[in-house]
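Text of upload-v1.pdb (PDB, C-alpha atoms) as supplied:
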MODEL        1
ATOM      1  CA  MET P   1      86.776  98.263  45.849
ATOM      2  CA  PHE P   2      85.728  95.938  48.696
ATOM      3  CA  LYS P   3      89.296  94.730  49.131
ATOM      4  CA  ARG P   4      90.571  98.318  49.356
ATOM      5  CA  LEU P   5      87.776  99.252  51.764
ATOM      6  CA  SER P   6      88.466  96.246  53.998
ATOM      7  CA  HIS P   7      92.178  97.148  54.068
ATOM      8  CA  VAL P   8      91.318 100.720  55.073
ATOM      9  CA  CYS P   9      88.881  99.477  57.721
ATOM     10  CA  LEU P  10      91.501  97.067  59.025
ATOM     11  CA  THR P  11      94.133  99.794  59.224
ATOM     12  CA  ILE P  12      91.720 102.050  61.072
ATOM     13  CA  GLY P  13      90.707  99.188  63.367
ATOM     14  CA  LEU P  14      94.285  98.307  64.164
ATOM     15  CA  SER P  15      95.003 101.977  64.804
ATOM     16  CA  VAL P  16      92.059 102.025  67.192
ATOM     17  CA  LEU P  17      93.473  98.928  68.815
ATOM     18  CA  THR P  18      96.886 100.563  69.016
ATOM     19  CA  LEU P  19      95.745 103.878  70.417
ATOM     20  CA  GLY P  20      92.449 102.879  72.017
ATOM     21  CA  ALA P  21      94.129 100.505  74.428
ATOM     22  CA  LEU P  22      94.823 103.553  76.572
ATOM     23  CA  ALA P  23      91.125 103.750  77.361
ATOM     24  CA  GLN P  24      90.851 100.139  78.429
ATOM     25  CA  VAL P  25      89.603  99.869  81.974
ATOM     26  CA  SER P  26      91.099  96.451  82.605
ATOM     27  CA  SER P  27      93.054  94.100  80.423
ATOM     28  CA  PRO P  28      94.665  91.026  81.897
ATOM     29  CA  GLY P  29      98.006  90.517  80.207
ATOM     30  CA  LEU P  30      99.793  87.645  78.609
ATOM     31  CA  SER P  31     101.912  86.795  81.604
ATOM     32  CA  GLN P  32     100.713  85.242  84.813
ATOM     33  CA  PRO P  33     100.697  87.618  87.821
ATOM     34  CA  ALA P  34     103.367  86.955  90.444
ATOM     35  CA  SER P  35     100.717  86.537  93.165
ATOM     36  CA  GLN P  36      99.264  83.496  91.375
ATOM     37  CA  SER P  37     102.595  81.765  90.830
ATOM     38  CA  ALA P  38     103.607  82.382  94.454
ATOM     39  CA  SER P  39     100.466  80.686  95.742
ATOM     40  CA  GLN P  40     101.073  77.414  93.877
ATOM     41  CA  PRO P  41     102.133  74.330  95.804
ATOM     42  CA  ALA P  42     105.821  73.811  96.511
ATOM     43  CA  THR P  43     105.558  70.157  95.388
ATOM     44  CA  GLN P  44     105.939  70.995  91.700
ATOM     45  CA  SER P  45     108.607  69.313  89.652
ATOM     46  CA  LYS P  46     111.230  71.443  87.936
ATOM     47  CA  SER P  47     109.617  70.830  84.532
ATOM     48  CA  GLN P  48     106.206  71.946  85.847
ATOM     49  CA  ALA P  49     107.751  75.068  87.375
ATOM     50  CA  ALA P  50     109.579  75.853  84.114
ATOM     51  CA  ALA P  51     106.362  75.427  82.120
ATOM     52  CA  GLN P  52     104.579  77.900  84.428
ATOM     53  CA  THR P  53     107.330  80.520  84.378
ATOM     54  CA  PRO P  54     105.801  83.845  83.364
ATOM     55  CA  THR P  55     106.628  85.086  79.898
ATOM     56  CA  PRO P  56     109.438  87.636  79.853
ATOM     57  CA  LYS P  57     108.344  91.217  80.294
ATOM     58  CA  LEU P  58     108.275  93.487  77.293
ATOM     59  CA  PRO P  59     110.266  96.760  77.407
ATOM     60  CA  TYR P  60     109.519  99.012  80.378
ATOM     61  CA  GLN P  61     105.970 100.245  80.528
ATOM     62  CA  PRO P  62     104.606 102.369  83.388
ATOM     63  CA  PHE P  63     101.153 100.801  83.170
ATOM     64  CA  GLU P  64     101.391  97.016  83.262
ATOM     65  CA  ASN P  65      99.701  95.292  80.287
ATOM     66  CA  MET P  66      98.405  98.585  78.917
ATOM     67  CA  PHE P  67      98.989  97.633  75.284
ATOM     68  CA  GLU P  68      98.204  93.925  75.348
ATOM     69  CA  LEU P  69      95.137  92.058  74.207
ATOM     70  CA  PRO P  70      93.038  90.709  77.098
ATOM     71  CA  ALA P  71      93.606  87.091  78.106
ATOM     72  CA  GLY P  72      90.060  86.132  77.073
ATOM     73  CA  VAL P  73      90.653  87.389  73.533
ATOM     74  CA  LEU P  74      93.993  85.586  73.339
ATOM     75  CA  GLN P  75      92.376  82.374  74.517
ATOM     76  CA  ALA P  76      89.582  82.699  71.946
ATOM     77  CA  LEU P  77      92.116  83.324  69.161
ATOM     78  CA  GLU P  78      93.926  80.009  69.865
ATOM     79  CA  LEU P  79      97.148  81.340  68.365
ATOM     80  CA  GLU P  80      99.835  79.090  66.955
ATOM     81  CA  THR P  81     103.482  79.601  67.928
ATOM     82  CA  LYS P  82     104.335  81.720  64.868
ATOM     83  CA  GLN P  83     101.255  83.878  65.414
ATOM     84  CA  LYS P  84     102.230  84.403  69.071
ATOM     85  CA  GLU P  85     105.687  85.536  67.946
ATOM     86  CA  LEU P  86     104.154  88.019  65.512
ATOM     87  CA  LEU P  87     101.805  89.311  68.212
ATOM     88  CA  ASP P  88     104.715  89.719  70.644
ATOM     89  CA  LYS P  89     106.618  91.713  68.012
ATOM     90  CA  ALA P  90     103.563  93.948  67.523
ATOM     91  CA  HIS P  91     103.219  94.444  71.284
ATOM     92  CA  ILE P  92     106.897  95.329  71.613
ATOM     93  CA  ALA P  93     106.674  97.747  68.687
ATOM     94  CA  ARG P  94     103.620  99.406  70.236
ATOM     95  CA  ARG P  95     105.358  99.825  73.586
ATOM     96  CA  GLN P  96     108.422 101.262  71.898
ATOM     97  CA  LEU P  97     106.170 103.655  69.976
ATOM     98  CA  TRP P  98     104.552 104.803  73.218
ATOM     99  CA  SER P  99     107.954 105.406  74.767
ATOM    100  CA  ALA P 100     109.262 107.237  71.676
ATOM    101  CA  MET P 101     106.133 109.407  71.538
ATOM    102  CA  ARG P 102     106.560 110.308  75.196
ATOM    103  CA  ASN P 103     110.206 111.240  74.588
ATOM    104  CA  ALA P 104     109.201 113.292  71.542
ATOM    105  CA  ARG P 105     106.656 115.237  73.616
ATOM    106  CA  MET P 106     109.351 115.989  76.205
ATOM    107  CA  GLN P 107     111.741 117.117  73.453
ATOM    108  CA  GLU P 108     109.053 119.319  71.935
ATOM    109  CA  TYR P 109     108.378 120.882  75.327
ATOM    110  CA  ALA P 110     112.095 121.518  75.864
ATOM    111  CA  ALA P 111     112.435 123.069  72.397
ATOM    112  CA  LEU P 112     109.419 125.312  72.969
ATOM    113  CA  THR P 113     110.809 126.371  76.339
ATOM    114  CA  LYS P 114     114.136 127.213  74.709
ATOM    115  CA  GLU P 115     112.412 129.281  72.011
ATOM    116  CA  LEU P 116     110.247 131.120  74.534
ATOM    117  CA  ASP P 117     113.327 131.995  76.587
ATOM    118  CA  LYS P 118     114.946 133.721  73.609
ATOM    119  CA  ASP P 119     114.753 137.475  73.341
ATOM    120  CA  ASN P 120     113.636 137.141  69.741
ATOM    121  CA  PHE P 121     110.881 134.455  69.754
ATOM    122  CA  ASP P 122     110.307 132.939  66.313
ATOM    123  CA  PRO P 123     107.026 130.983  65.926
ATOM    124  CA  LYS P 124     108.264 129.660  62.567
ATOM    125  CA  GLU P 125     111.023 127.787  64.392
ATOM    126  CA  VAL P 126     108.471 126.186  66.745
ATOM    127  CA  ILE P 127     106.286 125.163  63.788
ATOM    128  CA  SER P 128     109.331 123.652  62.075
ATOM    129  CA  ILE P 129     110.225 121.649  65.193
ATOM    130  CA  ARG P 130     106.661 120.359  65.531
ATOM    131  CA  LYS P 131     106.552 119.327  61.861
ATOM    132  CA  LYS P 132     109.768 117.303  62.292
ATOM    133  CA  ILE P 133     108.401 115.605  65.412
ATOM    134  CA  ARG P 134     105.092 114.784  63.662
ATOM    135  CA  ALA P 135     106.917 113.358  60.634
ATOM    136  CA  ALA P 136     109.011 111.113  62.882
ATOM    137  CA  ALA P 137     105.873 110.042  64.770
ATOM    138  CA  ASP P 138     104.086 109.185  61.522
ATOM    139  CA  LYS P 139     107.037 107.065  60.418
ATOM    140  CA  ARG P 140     107.069 105.193  63.748
ATOM    141  CA  MET P 141     103.288 104.650  63.551
ATOM    142  CA  ASP P 142     103.667 103.189  60.052
ATOM    143  CA  GLU P 143     106.317 100.785  61.353
ATOM    144  CA  VAL P 144     104.088  99.670  64.231
ATOM    145  CA  GLN P 145     101.143  99.183  61.895
ATOM    146  CA  SER P 146     103.306  97.000  59.651
ATOM    147  CA  PHE P 147     103.899  94.663  62.613
ATOM    148  CA  TRP P 148     100.149  94.542  63.257
ATOM    149  CA  MET P 149      99.513  93.852  59.566
ATOM    150  CA  ASP P 150     101.969  90.931  59.703
ATOM    151  CA  PHE P 151     100.027  89.561  62.674
ATOM    152  CA  TRP P 152      96.696  90.127  60.887
ATOM    153  CA  GLU P 153      97.890  88.375  57.732
ATOM    154  CA  SER P 154      98.806  85.310  59.807
ATOM    155  CA  LEU P 155      95.246  84.914  61.172
ATOM    156  CA  ASN P 156      92.624  82.646  59.654
ATOM    157  CA  ALA P 157      89.048  83.822  58.985
ATOM    158  CA  THR P 158      87.735  82.677  62.395
ATOM    159  CA  GLN P 159      90.576  84.387  64.248
ATOM    160  CA  ARG P 160      90.046  87.578  62.266
ATOM    161  CA  LYS P 161      86.348  87.562  63.130
ATOM    162  CA  THR P 162      87.208  87.152  66.828
ATOM    163  CA  LEU P 163      89.663  90.051  66.687
ATOM    164  CA  VAL P 164      87.251  92.288  64.758
ATOM    165  CA  ASN P 165      84.524  91.590  67.346
ATOM    166  CA  TYR P 166      86.955  92.666  70.068
ATOM    167  CA  MET P 167      87.860  95.829  68.112
ATOM    168  CA  LYS P 168      84.159  96.634  67.652
ATOM    169  CA  GLN P 169      83.587  96.358  71.395
ATOM    170  CA  GLN P 170      86.641  98.532  72.110
ATOM    171  CA  HIS P 171      85.348 101.081  69.608
ATOM    172  CA  ILE P 172      81.974 101.185  71.393
ATOM    173  CA  ASN P 173      83.652 101.423  74.813
ATOM    174  CA  ASN P 174      85.936 104.243  73.635
ATOM    175  CA  ALA P 175      82.939 106.169  72.276
ATOM    176  CA  LYS P 176      81.130 105.815  75.612
ATOM    177  CA  LEU P 177      84.201 107.001  77.526
ATOM    178  CA  SER P 178      84.578 109.941  75.164
ATOM    179  CA  GLN P 179      80.935 110.908  75.649
ATOM    180  CA  GLN P 180      81.335 110.683  79.432
ATOM    181  CA  ARG P 181      84.440 112.908  79.307
ATOM    182  CA  ASP P 182      82.618 115.405  77.081
ATOM    183  CA  SER P 183      79.637 115.505  79.461
ATOM    184  CA  LEU P 184      81.880 116.047  82.480
ATOM    185  CA  GLU P 185      83.832 118.749  80.662
ATOM    186  CA  ARG P 186      80.654 120.562  79.606
ATOM    187  CA  ALA P 187      79.320 120.385  83.176
ATOM    188  CA  ALA P 188      82.600 121.692  84.580
ATOM    189  CA  ASN P 189      82.704 124.547  82.074
ATOM    190  CA  ALA P 190      79.038 125.524  82.216
ATOM    191  CA  PRO P 191      78.581 129.308  82.186
ATOM    192  CA  VAL P 192      77.663 130.847  85.507
ATOM    193  CA  LYS P 193      74.512 132.937  85.432
ATOM    194  CA  THR P 194      74.810 136.430  86.838
ATOM    195  CA  LYS P 195      72.034 138.726  87.975
TER     196      LYS P 195
ENDMDL
END
Starting from the coordinates I provided, produce the structure as structure tokens.
Amino acid sequence: MFKRLSHVCLTIGLSVLTLGALAQVSSPGLSQPASQSASQPATQSKSQAAAQTPTPKLPYQPFENMFELPAGVLQALELETKQKELLDKAHIARRQLWSAMRNARMQEYAALTKELDKDNFDPKEVISIRKKIRAAADKRMDEVQSFWMDFWESLNATQRKTLVNYMKQQHINNAKLSQQRDSLERAANAPVKTK
């Protein structure tokens, strides 16, 4: 029972990590910013310069480092080379998921527009399109979560505790942001009293 519960909690936590990263206010990425590397002395040897070369960028992302763990968490995890590779694969999968989800939303919008432009609008067709898009999204999410599970399985108990502490803090932060949004929305939509 406990093992099943911990697996469910982990899956939920990793989902929060996957989707909750959008709410992160700031998250320094894995690679060193260009402004730091440009300010380093010109007297470096070629081997020192090669060692400080920023890690290659992951697939295009409009918000830099949006889906990456903060540098402080990465430092605390003290990942080995294989673990870093697994984390990079998870990051890439998450970015690809984000891109695919964005494309799916655009396709859904285009399909809805096409249906609305027809003389004989059929809501069943729109529902069918949305079901197909959701099924594809669920499949992609499962694939991304499998990458995160591979990364999780590679961590030792101390590393897992560090990551869970980070997820707990993100969960708290996301709840606070959600409450703030709800308060602002309620204030903006407050009924106006009439005489």
Exercise. Pick out the residues sitting within 12 Å of region 120-126 of chain P, and hand them over as a list in words; count all atoms listed in the file, and ignore anything fewer than 5 positions along from it in its own chain.
Key: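 My reading of the contact set: Gln107, Glu108, Tyr109, Ala110, Ala111, Leu112, Thr113, Lys114, Glu115, Lys131, Lys132 and Ile133 of chain P.
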Quiz item: In Å to one decimal, how far is CA of Ser178 (chain P) from CA of Val192 (chain P)?
Solution: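 CA of Val192 (chain P) sits 24.3 Å away from CA of Ser178 (chain P).
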Quiz item: With only C-alpha atoms as the basis for distance, which of P:Arg130, P:Lys168, P:Lys89, P:Arg181 is at the shortest distance from Val144 (chain P)?
Solution: P:Lys89
Each region 82-127 of chain P residue no farther than 9 Å from region 153-162 of chain P, nearest pair in Å, only C-alpha atoms, as CSV:
residue,atom,partner,partner_atom,distance
P:Lys82,CA,P:Ser154,CA,8.3
P:Gln83,CA,P:Ser154,CA,6.3
P:Leu86,CA,P:Ser154,CA,8.3
What does the PyMOL selection byres ((chain P and resi 141) around 10) select in this file, as a PDB file with C-alpha atoms, keeping the file's coordinate frame?
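Writing done, so here's result_36.pdb:
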ATOM      1  CA  SER P  15      95.003 101.977  64.804  1.00  0.00           C
ATOM      2  CA  THR P  18      96.886 100.563  69.016  1.00  0.00           C
ATOM      3  CA  ALA P  93     106.674  97.747  68.687  1.00  0.00           C
ATOM      4  CA  ARG P  94     103.620  99.406  70.236  1.00  0.00           C
ATOM      5  CA  LEU P  97     106.170 103.655  69.976  1.00  0.00           C
ATOM      6  CA  TRP P  98     104.552 104.803  73.218  1.00  0.00           C
ATOM      7  CA  MET P 101     106.133 109.407  71.538  1.00  0.00           C
ATOM      8  CA  ALA P 135     106.917 113.358  60.634  1.00  0.00           C
ATOM      9  CA  ALA P 136     109.011 111.113  62.882  1.00  0.00           C
ATOM     10  CA  ALA P 137     105.873 110.042  64.770  1.00  0.00           C
ATOM     11  CA  ASP P 138     104.086 109.185  61.522  1.00  0.00           C
ATOM     12  CA  LYS P 139     107.037 107.065  60.418  1.00  0.00           C
ATOM     13  CA  ARG P 140     107.069 105.193  63.748  1.00  0.00           C
ATOM     14  CA  ASP P 142     103.667 103.189  60.052  1.00  0.00           C
ATOM     15  CA  GLU P 143     106.317 100.785  61.353  1.00  0.00           C
ATOM     16  CA  VAL P 144     104.088  99.670  64.231  1.00  0.00           C
ATOM     17  CA  GLN P 145     101.143  99.183  61.895  1.00  0.00           C
ATOM     18  CA  SER P 146     103.306  97.000  59.651  1.00  0.00           C
TER      19      SER P 146
END
Exercise. With a distance cut-off of 8 Å and only C-alpha atoms, select the neighbouring residues of Leu77 (chain P), excluding the residue or stretch itself and same-chain residues fewer than 2 positions from it, and output the selection as JSON, numbers by chain.
Key: {"P": [73, 74, 75, 79, 159, 162, 163]}
Take the residues that were just selected and, keeping C-alpha atoms, output them as a CSV table (one decimal), keeping the file's coordinate frame.
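And here's again_29.csv as it stands now:
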chain,number,residue,atom,x,y,z
P,73,VAL,CA,90.7,87.4,73.5
P,74,LEU,CA,94.0,85.6,73.3
P,75,GLN,CA,92.4,82.4,74.5
P,79,LEU,CA,97.1,81.3,68.4
P,159,GLN,CA,90.6,84.4,64.2
P,162,THR,CA,87.2,87.2,66.8
P,163,LEU,CA,89.7,90.1,66.7
Surrounding residues of Leu87 (chain P) excluding itself and chain neighbours under 5 positions, 9 Å, all atoms listed in the file, as a short mmCIF file (atom, residue, chain, number, x, y, z; two decimals) with C-alpha atoms, in the frame of the given file:
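What ended up in result.cif:
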data_model
loop_
_atom_site.label_atom_id
_atom_site.label_comp_id
_atom_site.auth_asym_id
_atom_site.auth_seq_id
_atom_site.Cartn_x
_atom_site.Cartn_y
_atom_site.Cartn_z
CA LYS P 82 104.34 81.72 64.87
CA ILE P 92 106.90 95.33 71.61
CA PHE P 147 103.90 94.66 62.61
CA TRP P 148 100.15 94.54 63.26
CA ASP P 150 101.97 90.93 59.70
CA PHE P 151 100.03 89.56 62.67
CA TRP P 152 96.70 90.13 60.89
#
Practice problem: Quote the spacing between CA of Ala104 (chain P) and CA of Asp119 (chain P) in Å to one decimal place. | Solution: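 It comes out at 24.9 Å.
If you look at CA of Ile172 (chain P) and CA of Asp88 (chain P), they are 25.5 Å away from each other.
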Quiz item: In terms of the shortest atom-to-atom distance over only C-alpha atoms, which of P:Ser128, P:Met149, P:Pro70, P:Glu78 is closest to Ala90 (chain P)?
Solution: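 The answer is P:Met149, which sits nearest to Ala90 (chain P).
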Keeping C-alpha atoms, write region 67-88 of chain P of the structure just shown out as a PDB file, in the first residue's frame.
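Dumped everything to result_17.pdb:
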ATOM      1  CA  PHE P  67      11.244  24.098 -17.573  1.00  0.00           C
ATOM      2  CA  GLU P  68      14.572  23.592 -15.831  1.00  0.00           C
ATOM      3  CA  LEU P  69      15.359  22.975 -12.199  1.00  0.00           C
ATOM      4  CA  PRO P  70      16.969  25.981 -10.479  1.00  0.00           C
ATOM      5  CA  ALA P  71      20.760  26.005 -10.231  1.00  0.00           C
ATOM      6  CA  GLY P  72      20.622  25.813  -6.423  1.00  0.00           C
ATOM      7  CA  VAL P  73      18.601  22.596  -6.567  1.00  0.00           C
ATOM      8  CA  LEU P  74      20.950  21.112  -9.160  1.00  0.00           C
ATOM      9  CA  GLN P  75      23.941  21.985  -7.014  1.00  0.00           C
ATOM     10  CA  ALA P  76      22.338  20.414  -3.934  1.00  0.00           C
ATOM     11  CA  LEU P  77      21.528  17.234  -5.886  1.00  0.00           C
ATOM     12  CA  GLU P  78      25.216  16.696  -6.821  1.00  0.00           C
ATOM     13  CA  LEU P  79      24.242  14.680  -9.886  1.00  0.00           C
ATOM     14  CA  GLU P  80      26.538  12.142 -11.484  1.00  0.00           C
ATOM     15  CA  THR P  81      27.101  12.156 -15.252  1.00  0.00           C
ATOM     16  CA  LYS P  82      24.457   9.498 -15.979  1.00  0.00           C
ATOM     17  CA  GLN P  83      21.927  11.315 -13.802  1.00  0.00           C
ATOM     18  CA  LYS P  84      22.643  14.586 -15.643  1.00  0.00           C
ATOM     19  CA  GLU P  85      22.008  12.817 -18.954  1.00  0.00           C
ATOM     20  CA  LEU P  86      18.687  11.481 -17.679  1.00  0.00           C
ATOM     21  CA  LEU P  87      17.714  14.933 -16.410  1.00  0.00           C
ATOM     22  CA  ASP P  88      18.615  16.498 -19.770  1.00  0.00           C
TER      23      ASP P  88
END
